[in-house]
file model.txt (compact mmCIF, C-alpha atoms)
# COMPACT_ATOMS: atom_id res chain seq x y z
CA MET A 1 162.15 61.52 -116.41
CA GLY A 2 160.21 58.31 -116.90
CA ILE A 3 161.21 55.67 -119.37
CA ALA A 4 159.51 56.30 -122.69
CA GLU A 5 157.38 53.52 -124.08
CA ASP A 6 158.02 52.81 -127.68
CA ALA A 7 155.02 53.47 -129.83
CA TYR A 8 153.38 50.20 -130.72
CA LEU A 9 150.51 48.99 -132.69
CA GLU A 10 148.58 45.84 -132.03
CA GLN A 11 146.36 44.42 -134.64
CA LEU A 12 143.32 42.30 -134.01
CA ARG A 13 141.49 40.80 -136.88
CA THR A 14 138.25 38.96 -136.52
CA SER A 15 137.42 36.47 -139.17
CA PRO A 16 134.68 37.83 -141.33
CA VAL A 17 131.16 37.42 -140.00
CA GLY A 18 129.38 39.81 -142.23
CA HIS A 19 132.72 40.60 -143.84
CA ARG A 20 134.09 43.02 -141.31
CA ILE A 21 137.70 43.83 -140.75
CA ALA A 22 138.24 44.88 -137.15
CA ILE A 23 141.44 46.42 -135.90
CA ARG A 24 142.35 47.33 -132.35
CA LEU A 25 144.95 50.02 -131.94
CA SER A 26 146.84 50.24 -128.63
CA GLY A 27 149.55 52.50 -127.37
CA GLU A 28 150.68 55.37 -129.54
CA ILE A 29 150.81 56.09 -133.25
CA ASP A 30 153.16 58.66 -134.71
CA LEU A 31 155.37 59.10 -137.74
CA SER A 32 157.62 56.24 -136.62
CA ASN A 33 154.95 53.55 -136.95
CA VAL A 34 152.25 55.11 -139.12
CA GLN A 35 153.25 52.89 -142.03
CA ASP A 36 152.17 49.84 -139.99
CA LEU A 37 148.77 51.44 -139.59
CA LYS A 38 148.56 51.87 -143.34
CA TYR A 39 149.41 48.22 -143.96
CA ALA A 40 146.83 47.13 -141.41
CA LEU A 41 144.14 49.03 -143.29
CA ASP A 42 145.09 47.88 -146.78
CA GLU A 43 143.12 44.64 -146.59
CA GLY A 44 140.07 46.47 -145.31
CA ILE A 45 140.28 48.90 -148.19
CA GLU A 46 140.54 46.07 -150.69
CA GLU A 47 137.62 44.11 -149.27
CA GLY A 48 135.33 47.06 -148.68
CA GLY A 49 132.51 47.17 -146.17
CA PRO A 50 132.76 48.69 -142.72
CA VAL A 51 136.26 48.69 -141.26
CA LEU A 52 136.00 48.85 -137.48
CA ILE A 53 138.85 50.50 -135.62
CA ASP A 54 138.77 50.16 -131.83
CA VAL A 55 140.74 53.05 -130.38
CA SER A 56 139.76 52.69 -126.72
CA GLU A 57 143.32 51.58 -125.91
CA LEU A 58 144.95 54.17 -128.15
CA SER A 59 146.61 56.72 -125.88
CA PHE A 60 148.06 58.93 -128.62
CA ILE A 61 147.73 59.51 -132.34
CA ASP A 62 148.89 62.48 -134.38
CA SER A 63 147.78 64.08 -137.65
CA ALA A 64 149.97 61.64 -139.64
CA GLY A 65 147.92 58.78 -138.21
CA VAL A 66 144.60 60.48 -138.80
CA HIS A 67 145.70 61.20 -142.36
CA VAL A 68 146.07 57.44 -142.93
CA TRP A 69 142.48 56.94 -141.74
CA VAL A 70 141.27 59.71 -144.03
CA GLN A 71 143.12 58.23 -146.99
CA ALA A 72 141.62 54.81 -146.20
CA ALA A 73 138.12 56.28 -146.05
CA GLU A 74 138.66 58.05 -149.36
CA ALA A 75 140.00 54.87 -150.98
CA LEU A 76 136.92 53.01 -149.80
CA LYS A 77 134.55 55.68 -151.22
CA ASP A 78 131.08 54.16 -151.45
CA ARG A 79 132.35 50.58 -151.09
CA GLY A 80 132.63 50.95 -147.35
CA CYS A 81 133.44 53.14 -144.38
CA LEU A 82 135.69 53.51 -141.37
CA VAL A 83 134.14 53.27 -137.92
CA ILE A 84 136.31 54.72 -135.17
CA HIS A 85 135.12 53.21 -131.92
CA GLY A 86 135.82 54.36 -128.35
CA GLU A 87 137.81 57.56 -128.96
CA ARG A 88 139.44 59.20 -125.96
CA LYS A 89 139.08 62.95 -125.36
CA SER A 90 142.40 63.88 -126.94
CA LEU A 91 141.63 61.97 -130.14
CA GLY A 92 138.19 63.59 -130.28
CA ARG A 93 139.90 66.96 -129.98
CA LEU A 94 142.29 66.19 -132.82
CA LEU A 95 139.52 64.96 -135.12
CA ASP A 96 137.50 68.12 -134.39
CA LEU A 97 140.52 70.38 -134.98
CA LEU A 98 141.15 68.76 -138.35
CA GLY A 99 137.48 69.08 -139.28
CA VAL A 100 137.31 65.42 -140.20
CA ASP A 101 133.54 65.13 -139.74
CA ASP A 102 132.83 67.83 -142.31
CA MET A 103 135.29 66.67 -144.87
CA VAL A 104 135.14 62.88 -144.83
CA LYS A 105 131.63 61.49 -145.06
CA ASN A 106 132.42 57.81 -144.63
CA LEU A 107 134.43 58.11 -141.43
CA HIS A 108 132.11 57.55 -138.50
CA ARG A 109 132.88 58.09 -134.85
CA VAL A 110 131.20 55.92 -132.26
CA HIS A 111 132.16 57.31 -128.92
CA HIS A 112 131.32 54.79 -126.28
CA ALA A 113 133.83 52.06 -125.57
CA SER A 114 132.17 48.63 -125.54
CA MET B 115 151.27 85.12 -156.10
CA ASP B 116 150.77 88.72 -157.11
CA GLY B 117 153.97 90.60 -156.43
CA SER B 118 152.80 94.01 -157.60
CA ASP B 119 153.61 96.87 -155.32
CA VAL B 120 150.67 99.04 -154.34
CA GLN B 121 152.62 102.24 -153.93
CA GLU B 122 154.26 101.98 -157.35
CA THR B 123 150.98 102.18 -159.19
CA GLY B 124 149.30 104.54 -156.75
CA ALA B 125 146.04 102.87 -157.71
CA ALA B 126 143.64 100.67 -155.79
CA PRO B 127 144.86 97.05 -155.60
CA ALA B 128 143.71 94.68 -158.32
CA SER B 129 142.05 92.51 -155.73
CA GLY B 130 138.54 93.17 -154.47
CA PHE B 131 139.95 93.33 -150.94
CA ARG B 132 140.16 96.76 -149.36
CA HIS B 133 142.29 96.55 -146.21
CA GLU B 134 142.03 99.84 -144.35
CA ALA B 135 143.29 100.98 -140.97
CA LEU B 136 140.97 103.25 -139.01
CA LEU B 137 142.75 105.62 -136.65
CA TYR B 138 140.39 106.64 -133.86
CA GLU B 139 140.66 108.73 -130.71
CA GLY B 140 138.95 107.08 -127.78
CA VAL B 141 135.92 104.83 -127.54
CA ASP B 142 133.31 107.42 -128.49
CA ASP B 143 135.14 108.21 -131.72
CA PHE B 144 135.45 104.44 -132.33
CA VAL B 145 131.70 103.99 -131.95
CA GLU B 146 130.87 106.92 -134.21
CA ARG B 147 133.19 105.90 -137.05
CA THR B 148 132.59 102.17 -136.97
CA SER B 149 128.82 102.45 -136.64
CA SER B 150 128.59 104.68 -139.72
CA PHE B 151 130.69 102.11 -141.62
CA ILE B 152 128.34 99.38 -140.45
CA VAL B 153 125.19 101.36 -141.32
CA GLU B 154 126.49 102.06 -144.84
CA GLY B 155 126.93 98.31 -145.23
CA ILE B 156 123.49 97.49 -143.89
CA GLU B 157 121.85 100.04 -146.18
CA SER B 158 123.62 98.51 -149.20
CA GLY B 159 122.58 95.00 -148.19
CA GLU B 160 126.18 94.01 -147.52
CA PRO B 161 126.82 91.31 -144.88
CA VAL B 162 128.86 92.68 -141.97
CA LEU B 163 131.02 90.86 -139.40
CA VAL B 164 132.46 92.80 -136.46
CA VAL B 165 135.26 91.20 -134.44
CA VAL B 166 136.23 93.45 -131.55
CA ALA B 167 136.39 93.34 -127.74
CA ALA B 168 133.17 92.50 -125.90
CA GLU B 169 132.82 95.97 -124.38
CA LYS B 170 132.93 97.54 -127.82
CA ILE B 171 130.37 95.07 -129.13
CA ALA B 172 128.05 96.19 -126.34
CA ARG B 173 128.58 99.86 -127.23
CA LEU B 174 127.89 99.17 -130.90
CA ARG B 175 124.71 97.24 -130.14
CA ASP B 176 123.51 100.22 -128.13
CA GLU B 177 124.38 102.62 -130.92
CA LEU B 178 122.83 100.53 -133.70
CA GLY B 179 119.66 99.55 -131.86
CA ALA B 180 117.46 97.20 -133.89
CA ARG B 181 119.81 97.44 -136.88
CA ALA B 182 122.33 95.36 -134.87
CA ASN B 183 120.15 92.31 -135.57
CA VAL B 184 121.49 91.99 -139.10
CA VAL B 185 125.13 92.40 -138.04
CA HIS B 186 127.34 89.45 -137.06
CA PHE B 187 129.43 90.05 -133.95
CA ALA B 188 132.26 88.00 -132.47
CA ASP B 189 134.48 88.68 -129.47
CA MET B 190 138.10 89.20 -130.55
CA LEU B 191 139.24 87.42 -127.39
CA ASP B 192 137.37 84.30 -128.50
CA VAL B 193 138.37 84.50 -132.15
CA GLY B 194 141.90 85.79 -132.00
CA SER B 195 143.60 85.86 -128.65
CA ASN B 196 146.08 83.90 -130.72
CA PRO B 197 146.13 86.26 -133.73
CA ALA B 198 146.97 83.40 -136.11
CA ARG B 199 143.35 82.27 -135.77
CA ILE B 200 141.95 85.49 -137.19
CA ILE B 201 142.61 84.92 -140.90
CA PRO B 202 140.76 81.57 -140.88
CA ALA B 203 137.78 83.33 -139.26
CA TRP B 204 137.69 85.94 -142.04
CA LYS B 205 138.08 83.24 -144.68
CA THR B 206 135.10 81.41 -143.24
CA PHE B 207 133.07 84.63 -143.42
CA VAL B 208 134.14 85.49 -146.96
CA ASP B 209 133.83 81.95 -148.31
CA GLY B 210 130.53 81.51 -146.51
CA HIS B 211 129.03 84.29 -148.57
CA ALA B 212 130.52 83.09 -151.83
CA GLY B 213 127.18 82.63 -153.52
CA SER B 214 125.64 85.94 -152.60
CA GLY B 215 127.46 88.21 -155.06
CA GLN B 216 127.33 91.03 -152.52
CA PRO B 217 130.41 92.86 -151.31
CA LEU B 218 131.17 92.20 -147.66
CA ARG B 219 132.27 94.40 -144.78
CA GLY B 220 134.27 93.56 -141.72
CA ILE B 221 135.71 95.30 -138.70
CA GLY B 222 138.58 93.64 -136.85
CA GLU B 223 140.58 95.09 -133.98
CA PRO B 224 143.41 92.68 -133.12
CA ILE B 225 145.69 95.21 -131.43
CA TRP B 226 144.94 96.94 -128.15
CA ALA B 227 147.01 98.44 -125.38
CA GLY B 228 147.04 95.28 -123.25
CA ARG B 229 148.73 93.01 -125.82
CA SER B 230 152.14 91.67 -124.74
CA ALA B 231 155.21 92.56 -126.81
CA GLU B 232 155.30 89.07 -128.34
CA GLU B 233 151.57 89.11 -129.11
CA LEU B 234 151.96 92.52 -130.73
CA ILE B 235 154.59 91.25 -133.18
CA GLU B 236 152.33 88.34 -134.12
CA CYS B 237 149.34 90.71 -134.51
CA GLU B 238 151.37 92.91 -136.86
CA ARG B 239 152.46 89.86 -138.83
CA HIS B 240 148.78 88.87 -139.05
CA GLU B 241 147.88 92.32 -140.40
CA ALA B 242 150.54 92.04 -143.10
CA LEU B 243 149.43 88.53 -144.03
CA LEU B 244 145.82 89.66 -144.50
CA ASN B 245 147.02 91.44 -147.66
CA LEU B 246 148.42 88.15 -148.98
CA ALA B 247 145.54 85.99 -147.79
CA PHE B 248 142.96 88.03 -149.72
CA ALA B 249 145.12 89.16 -152.63
CA ALA B 250 142.76 87.49 -155.11
CA SER B 251 139.59 87.95 -153.16
CA ARG B 252 136.07 88.96 -154.07
CA ALA B 253 135.07 92.45 -153.00
CA TRP B 254 135.23 92.99 -149.30
CA TRP B 255 136.24 95.86 -147.10
CA LEU B 256 138.00 95.25 -143.79
CA LEU B 257 138.38 98.12 -141.40
CA CYS B 258 141.04 97.66 -138.69
CA PRO B 259 140.65 100.14 -135.82
CA TYR B 260 143.71 101.50 -134.03
CA ASP B 261 143.36 103.66 -130.93
CA VAL B 262 145.62 106.69 -131.42
CA ASP B 263 145.09 107.64 -127.78
CA GLY B 264 146.13 104.28 -126.37
CA LEU B 265 148.84 102.96 -128.72
CA PRO B 266 152.45 104.11 -129.15
CA PRO B 267 153.60 105.81 -132.38
CA THR B 268 155.65 102.73 -133.37
CA VAL B 269 152.46 100.67 -133.52
CA LEU B 270 150.64 103.30 -135.54
CA ARG B 271 153.57 103.56 -137.95
CA GLU B 272 153.54 99.78 -138.37
CA ALA B 273 149.79 99.95 -139.04
CA ARG B 274 150.53 102.22 -142.02
CA ARG B 275 153.06 99.68 -143.29
CA ASN B 276 150.48 96.89 -143.19
CA HIS B 277 147.43 98.65 -144.63
CA PRO B 278 147.16 99.94 -148.22
CA PHE B 279 144.54 102.43 -146.99
CA VAL B 280 144.21 104.49 -143.85
CA LEU B 281 141.10 106.32 -142.65
CA ALA B 282 142.08 109.14 -140.32
CA ALA B 283 139.95 112.09 -139.20
CA GLY B 284 137.31 111.17 -141.74
CA GLU B 285 139.74 111.17 -144.66
CA HIS B 286 140.68 108.08 -146.70
CA GLN B 287 144.37 108.03 -147.64
CA ALA B 288 146.40 105.56 -149.70
CA ALA B 289 149.30 104.52 -147.43
CA GLN B 290 152.51 105.16 -149.37
CA GLU B 291 154.60 103.11 -146.99
CA CYS B 292 152.52 99.93 -147.23
CA ARG B 293 154.59 96.78 -147.65
CA SER B 294 154.50 94.98 -151.01
CA LEU B 295 153.06 91.49 -151.29
CA ARG B 296 156.51 90.31 -152.35
CA ASP B 297 158.02 91.52 -149.08
CA ILE B 298 155.20 90.07 -147.01
CA ALA B 299 155.69 86.67 -148.65
CA GLN B 300 159.35 86.48 -147.60
CA PRO B 301 160.25 84.07 -144.77
CA PHE B 302 159.48 85.75 -141.47
CA ASP B 303 162.72 86.40 -139.67
CA ALA B 304 161.90 88.92 -136.93
CA PRO B 305 164.39 88.21 -134.13
CA LEU B 306 163.46 86.05 -131.14
CA PRO B 307 165.39 86.63 -127.93
CA ASP B 308 167.06 83.43 -126.73
CA GLY B 309 165.34 81.39 -124.07
CA PRO B 310 166.96 81.17 -120.63
CA VAL B 311 170.14 79.17 -120.10
CA SER B 312 168.23 77.18 -117.47
CA ALA B 313 165.74 75.82 -120.04
CA TRP B 314 165.25 72.04 -120.13
CA GLU B 315 166.56 70.70 -123.40
CA MET B 316 166.52 67.52 -125.44
CA ARG B 317 167.79 66.69 -128.90
CA PHE B 318 165.43 64.66 -131.07
CA ASP B 319 165.40 62.66 -134.27
CA SER B 320 162.88 60.33 -135.90
CA ASP B 321 163.33 57.68 -133.19
CA ALA B 322 162.70 60.05 -130.32
CA LEU B 323 159.07 61.09 -130.81
CA ALA B 324 157.77 59.11 -127.82
CA HIS B 325 160.59 60.51 -125.68
CA VAL B 326 159.58 63.99 -126.78
CA ARG B 327 156.02 63.37 -125.63
CA ARG B 328 157.15 62.11 -122.20
CA PHE B 329 159.46 65.14 -121.89
CA VAL B 330 156.61 67.54 -122.65
CA GLU B 331 154.25 65.75 -120.23
CA ASP B 332 156.82 66.08 -117.44
CA ARG B 333 157.40 69.77 -118.05
CA ALA B 334 153.67 70.48 -118.51
CA ALA B 335 152.96 68.89 -115.13
CA HIS B 336 155.74 70.99 -113.60
CA ALA B 337 154.15 74.12 -115.08
CA GLY B 338 150.81 73.18 -113.56
CA LEU B 339 148.92 72.62 -116.81
CA ASP B 340 145.79 70.52 -116.30
CA ALA B 341 145.34 67.19 -118.10
CA LEU B 342 143.47 68.65 -121.09
CA ARG B 343 146.00 71.42 -121.71
CA SER B 344 148.88 69.05 -121.17
CA ASP B 345 147.41 66.73 -123.83
CA ASP B 346 147.00 69.74 -126.12
CA LEU B 347 150.61 70.77 -125.63
CA VAL B 348 151.90 67.22 -126.19
CA LEU B 349 149.88 67.06 -129.41
CA ALA B 350 151.15 70.44 -130.61
CA VAL B 351 154.81 69.82 -129.80
CA ASN B 352 154.67 66.36 -131.35
CA GLU B 353 153.33 67.91 -134.56
CA ILE B 354 156.04 70.56 -134.74
CA VAL B 355 158.77 68.07 -133.91
CA THR B 356 157.38 65.74 -136.58
CA ASN B 357 157.59 68.61 -139.06
CA SER B 358 161.27 68.99 -138.18
CA VAL B 359 161.81 65.27 -138.70
CA ARG B 360 159.97 65.25 -142.03
CA TYR B 361 160.94 68.60 -143.52
CA GLY B 362 163.51 70.26 -141.28
CA GLY B 363 166.56 68.05 -141.65
CA GLY B 364 165.42 64.99 -139.66
CA GLN B 365 166.42 66.25 -136.24
CA GLY B 366 166.37 69.23 -133.95
CA VAL B 367 166.37 70.57 -130.43
CA LEU B 368 163.40 70.93 -128.10
CA LYS B 369 163.65 73.38 -125.21
CA MET B 370 161.05 74.16 -122.57
CA TRP B 371 160.95 76.87 -119.97
CA GLU B 372 158.46 78.81 -117.87
CA THR B 373 157.62 82.38 -117.10
CA PRO B 374 155.21 83.14 -114.25
CA GLU B 375 152.34 83.17 -116.76
CA THR B 376 153.36 80.77 -119.49
CA SER B 377 154.93 77.49 -120.41
CA ILE B 378 157.05 77.87 -123.55
CA SER B 379 158.15 75.05 -125.86
CA GLU B 380 160.69 75.82 -128.55
CA VAL B 381 161.58 73.57 -131.49
CA ARG B 382 164.68 74.45 -133.53
CA ASP B 383 165.87 72.72 -136.68
CA SER B 384 168.04 73.44 -139.69
CA GLY B 385 165.18 73.63 -142.17
CA HIS B 386 163.35 76.49 -143.80
CA ILE B 387 159.71 77.37 -143.35
CA ASP B 388 158.76 78.89 -146.66
CA GLY B 389 155.01 79.24 -146.85
CA PRO B 390 153.96 82.58 -145.34
CA MET B 391 150.43 81.33 -144.65
CA ILE B 392 151.60 78.25 -142.74
CA GLY B 393 149.25 77.37 -139.93
CA ARG B 394 146.61 79.88 -141.00
CA LEU B 395 144.79 77.91 -143.67
CA ARG B 396 142.28 75.31 -142.56
CA PRO B 397 143.69 71.91 -143.62
CA THR B 398 141.82 69.71 -146.03
CA PRO B 399 142.26 66.11 -144.91
CA ASN B 400 143.53 64.91 -148.26
CA GLU B 401 146.63 67.07 -147.90
CA SER B 402 149.49 64.99 -146.59
CA GLY B 403 151.16 67.66 -144.53
CA GLY B 404 150.83 71.15 -143.19
CA PHE B 405 148.58 70.33 -140.26
CA GLY B 406 151.21 70.78 -137.59
CA VAL B 407 151.30 74.53 -137.25
CA TRP B 408 147.53 74.72 -137.77
CA ILE B 409 146.98 72.37 -134.81
CA ALA B 410 149.45 74.33 -132.69
CA ASN B 411 147.62 77.56 -133.50
CA GLN B 412 144.29 76.12 -132.43
CA VAL B 413 145.45 74.77 -129.06
CA CYS B 414 148.21 77.20 -128.03
CA ASP B 415 147.79 80.76 -126.80
CA LEU B 416 150.52 82.04 -129.09
CA VAL B 417 152.74 80.49 -131.74
CA GLN B 418 155.89 82.21 -133.01
CA VAL B 419 157.23 80.88 -136.33
CA ARG B 420 160.56 82.11 -137.62
CA SER B 421 162.68 81.06 -140.58
CA PHE B 422 166.28 82.25 -140.76
CA THR B 423 169.04 81.46 -143.26
CA ASP B 424 170.55 78.87 -140.90
CA GLY B 425 167.35 77.24 -139.63
CA SER B 426 163.88 77.64 -138.19
CA ILE B 427 162.34 78.15 -134.79
CA VAL B 428 158.80 77.50 -133.62
CA ARG B 429 157.77 78.57 -130.13
CA LEU B 430 154.52 77.48 -128.54
CA HIS B 431 153.08 79.42 -125.60
CA MET B 432 150.60 77.86 -123.20
CA ARG B 433 149.23 80.03 -120.40
CA ARG B 434 149.70 78.32 -117.08
CA ARG B 435 146.22 79.14 -115.81

call {"tool": "encode", "arguments": {"input": "model.txt", "output": "structure tokens"}}
result
Amino acid sequence: MGIAEDAYLEQLRTSPVGHRIAIRLSGEIDLSNVQDLKYALDEGIEEGGPVLIDVSELSFIDSAGVHVWVQAAEALKDRGCLVIHGERKSLGRLLDLLGVDDMVKNLHRVHHAS
Amino acid sequence: MDGSDVQETGAAPASGFRHEALLYEGVDDFVERTSSFIVEGIESGEPVLVVVAAEKIARLRDELGARANVVHFADMLDVGSNPARIIPAWKTFVDGHAGSGQPLRGIGEPIWAGRSAEELIECERHEALLNLAFAASRAWWLLCPYDVDGLPPTVLREARRNHPFVLAAGEHQAAQECRSLRDIAQPFDAPLPDGPVSAWEMRFDSDALAHVRRFVEDRAAHAGLDALRSDDLVLAVNEIVTNSVRYGGGQGVLKMWETPETSISEVRDSGHIDGPMIGRLRPTPNESGGFGVWIANQVCDLVQVRSFTDGSIVRLHMRRR
């Protein structure tokens, strides 16, 4: 069996031009590091506006991780939104299975990686 | 949850849901009995959804002619090859007509002669759970056809235990032996034969989730699952293992093995799985948990969930081709 990579989360913040918080997620997100994801989103929730999440380097996320996004979108309400950018097939599948598009109106999925 | 026992009162259930088995003899009898049920519905302006095998849909369309245009049809192989997906489909139908005030009709045939032994047990569990799922429902009438010619007596007897009503030879009967809602709501503990001694095994805890995913990827590749199905299986196993970590005592054992047709992943822990409807109710994203078994049910060909006094088992089946 191969050596397992630990799940890790890398955070990239751009300084606000137009007041955006941008986060890049890499590697894998599961129950063991989902709290880090929550902390990373807290500032975005507080500030409002679009919170960009680049997931083109995210090779795995589970429902616990998606739940954090959903909670963030709901906390933002009409003060902002989440933009999930560059989803891979498996993430798209998970978001469809959870019915996220129907249930959370301010979570937007932009498919093409930049 | 309503725990009243149908056979004690001898009366129709308090719910608007009428769950009735239809015993038929061969395809022609099937067509005759189900088409008259459908036509009654059409003539009363009641929406009708028919979920049966494709060949039977074709026969019904022939029989109904132009009237088939107002009937909704769905192939049972698409909707419910994994029978745990069938209740959500009915819920969508029933909830989708919430505003109309009309009673609804449905026909659903989840059990046929070709079902494997494991699928059959899950189909029977599904039939029992329908009574619970719609215990407080608006008026709708679900007819479940059973082929007396093609199915063994044990299956037909079990059908009587899962349906408060049985329609046989044109006569509607109240089924005296139908299970109570209280019994149906108990943790499901039908036995599962042990997996093979040669199964690959790993213990897991909260630190091992990434290891679990690599383990599943390896075994999925060995079983010949393509990339998409391997990703699906990794997702599903990760969810079930996470459930064990969160709710099942923090740790457990993952085993994987293969039959010629299937790759099987088994997660055992020391917890209890209490909710009878687990994995069969569409999640709302603001719920914090309960997505795991739902996800597994959508991506796996069969999911077996068992809760015993000393722990729980979840088995995920993925066909190898």

call {"tool": "atom_distance", "arguments": {"input": "model.txt", "atom1": "CA of Ala334 in chain B", "atom2": "CA of Leu306 in chain B"}}
result
22.3 Å

call {"tool": "interface_residues", "arguments": {"input": "model.txt", "of": "chain B", "to": "chain A", "cutoff": "9 Å", "atoms": "only C-alpha atoms", "output": "mmCIF file with C-alpha atoms, keeping the file's coordinate frame"}}
result
data_model
loop_
_atom_site.group_PDB
_atom_site.id
_atom_site.type_symbol
_atom_site.label_atom_id
_atom_site.label_comp_id
_atom_site.auth_asym_id
_atom_site.auth_seq_id
_atom_site.Cartn_x
_atom_site.Cartn_y
_atom_site.Cartn_z
ATOM 1 C CA SER B 320 162.880 60.330 -135.900
ATOM 2 C CA ASP B 321 163.330 57.680 -133.190
ATOM 3 C CA ALA B 322 162.700 60.050 -130.320
ATOM 4 C CA LEU B 323 159.070 61.090 -130.810
ATOM 5 C CA ALA B 324 157.770 59.110 -127.820
ATOM 6 C CA HIS B 325 160.590 60.510 -125.680
ATOM 7 C CA VAL B 326 159.580 63.990 -126.780
ATOM 8 C CA ARG B 327 156.020 63.370 -125.630
ATOM 9 C CA ARG B 328 157.150 62.110 -122.200
ATOM 10 C CA PHE B 329 159.460 65.140 -121.890
ATOM 11 C CA ASP B 332 156.820 66.080 -117.440
ATOM 12 C CA LEU B 342 143.470 68.650 -121.090
ATOM 13 C CA ASP B 345 147.410 66.730 -123.830
ATOM 14 C CA ASP B 346 147.000 69.740 -126.120
ATOM 15 C CA LEU B 349 149.880 67.060 -129.410
ATOM 16 C CA ASN B 352 154.670 66.360 -131.350
ATOM 17 C CA GLU B 353 153.330 67.910 -134.560
ATOM 18 C CA THR B 356 157.380 65.740 -136.580
ATOM 19 C CA VAL B 359 161.810 65.270 -138.700
ATOM 20 C CA ARG B 360 159.970 65.250 -142.030
ATOM 21 C CA ARG B 396 142.280 75.310 -142.560
ATOM 22 C CA PRO B 397 143.690 71.910 -143.620
ATOM 23 C CA THR B 398 141.820 69.710 -146.030
ATOM 24 C CA PRO B 399 142.260 66.110 -144.910
ATOM 25 C CA ASN B 400 143.530 64.910 -148.260
ATOM 26 C CA GLU B 401 146.630 67.070 -147.900
ATOM 27 C CA SER B 402 149.490 64.990 -146.590
ATOM 28 C CA GLY B 403 151.160 67.660 -144.530
ATOM 29 C CA PHE B 405 148.580 70.330 -140.260
ATOM 30 C CA GLY B 406 151.210 70.780 -137.590
ATOM 31 C CA TRP B 408 147.530 74.720 -137.770
ATOM 32 C CA ILE B 409 146.980 72.370 -134.810
ATOM 33 C CA GLN B 412 144.290 76.120 -132.430
ATOM 34 C CA VAL B 413 145.450 74.770 -129.060
#

call {"tool": "atom_distance", "arguments": {"input": "model.txt", "atom1": "CA of Asp54 in chain A", "atom2": "CA of Ile21 in chain A"}}
result
11.0 Å

call {"tool": "residues_near_point", "arguments": {"input": "model.txt", "point": "(155.3, 83.6, -143.7)", "cutoff": "7 Å", "atoms": "all atoms listed in the file", "output": "PDB file with C-alpha atoms, keeping the file's coordinate frame"}}
result
ATOM      1  CA  ALA B 299     155.690  86.670-148.650  1.00  0.00           C
ATOM      2  CA  GLN B 300     159.350  86.480-147.600  1.00  0.00           C
ATOM      3  CA  PRO B 301     160.250  84.070-144.770  1.00  0.00           C
ATOM      4  CA  PHE B 302     159.480  85.750-141.470  1.00  0.00           C
ATOM      5  CA  ASP B 388     158.760  78.890-146.660  1.00  0.00           C
ATOM      6  CA  GLY B 389     155.010  79.240-146.850  1.00  0.00           C
ATOM      7  CA  PRO B 390     153.960  82.580-145.340  1.00  0.00           C
ATOM      8  CA  MET B 391     150.430  81.330-144.650  1.00  0.00           C
ATOM      9  CA  ILE B 392     151.600  78.250-142.740  1.00  0.00           C
TER      10      ILE B 392
END

call {"tool": "residues_near_point", "arguments": {"input": "model.txt", "point": "(127.3, 94.8, -149.8)", "cutoff": "8 Å", "atoms": "only C-alpha atoms", "output": "MDAnalysis selection string"}}
result
chainID B and resid 155:156 158:161 216:219

call {"tool": "write_last_selection", "arguments": {"input": "model.txt", "atoms": "C-alpha atoms", "output": "tab-separated table (two decimals), in the frame of the given file"}}
result
chain	number	residue	atom	x	y	z
B	155	GLY	CA	126.93	98.31	-145.23
B	156	ILE	CA	123.49	97.49	-143.89
B	158	SER	CA	123.62	98.51	-149.20
B	159	GLY	CA	122.58	95.00	-148.19
B	160	GLU	CA	126.18	94.01	-147.52
B	161	PRO	CA	126.82	91.31	-144.88
B	216	GLN	CA	127.33	91.03	-152.52
B	217	PRO	CA	130.41	92.86	-151.31
B	218	LEU	CA	131.17	92.20	-147.66
B	219	ARG	CA	132.27	94.40	-144.78

call {"tool": "atom_distance", "arguments": {"input": "model.txt", "atom1": "CA of Asp96 in chain A", "atom2": "CA of His240 in chain B"}}
result
24.1 Å

call {"tool": "residues_around", "arguments": {"input": "model.txt", "residues": "Arg181 in chain B", "least_positions_apart": "2", "cutoff": "10 Å", "atoms": "only C-alpha atoms", "output": "NGL selection string"}}
result
:B and (152-153 or 156-157 or 175-179 or 183-185)

call {"tool": "write_last_selection", "arguments": {"input": "model.txt", "atoms": "C-alpha atoms", "output": "PDB file, keeping the file's coordinate frame"}}
result
ATOM      1  CA  ILE B 152     128.340  99.380-140.450  1.00  0.00           C
ATOM      2  CA  VAL B 153     125.190 101.360-141.320  1.00  0.00           C
ATOM      3  CA  ILE B 156     123.490  97.490-143.890  1.00  0.00           C
ATOM      4  CA  GLU B 157     121.850 100.040-146.180  1.00  0.00           C
ATOM      5  CA  ARG B 175     124.710  97.240-130.140  1.00  0.00           C
ATOM      6  CA  ASP B 176     123.510 100.220-128.130  1.00  0.00           C
ATOM      7  CA  GLU B 177     124.380 102.620-130.920  1.00  0.00           C
ATOM      8  CA  LEU B 178     122.830 100.530-133.700  1.00  0.00           C
ATOM      9  CA  GLY B 179     119.660  99.550-131.860  1.00  0.00           C
ATOM     10  CA  ASN B 183     120.150  92.310-135.570  1.00  0.00           C
ATOM     11  CA  VAL B 184     121.490  91.990-139.100  1.00  0.00           C
ATOM     12  CA  VAL B 185     125.130  92.400-138.040  1.00  0.00           C
TER      13      VAL B 185
END

call {"tool": "residues_around", "arguments": {"input": "model.txt", "residues": "Asp319 in chain B", "least_positions_apart": "6", "cutoff": "7 Å", "atoms": "only C-alpha atoms", "output": "count of residues only"}}
result
4
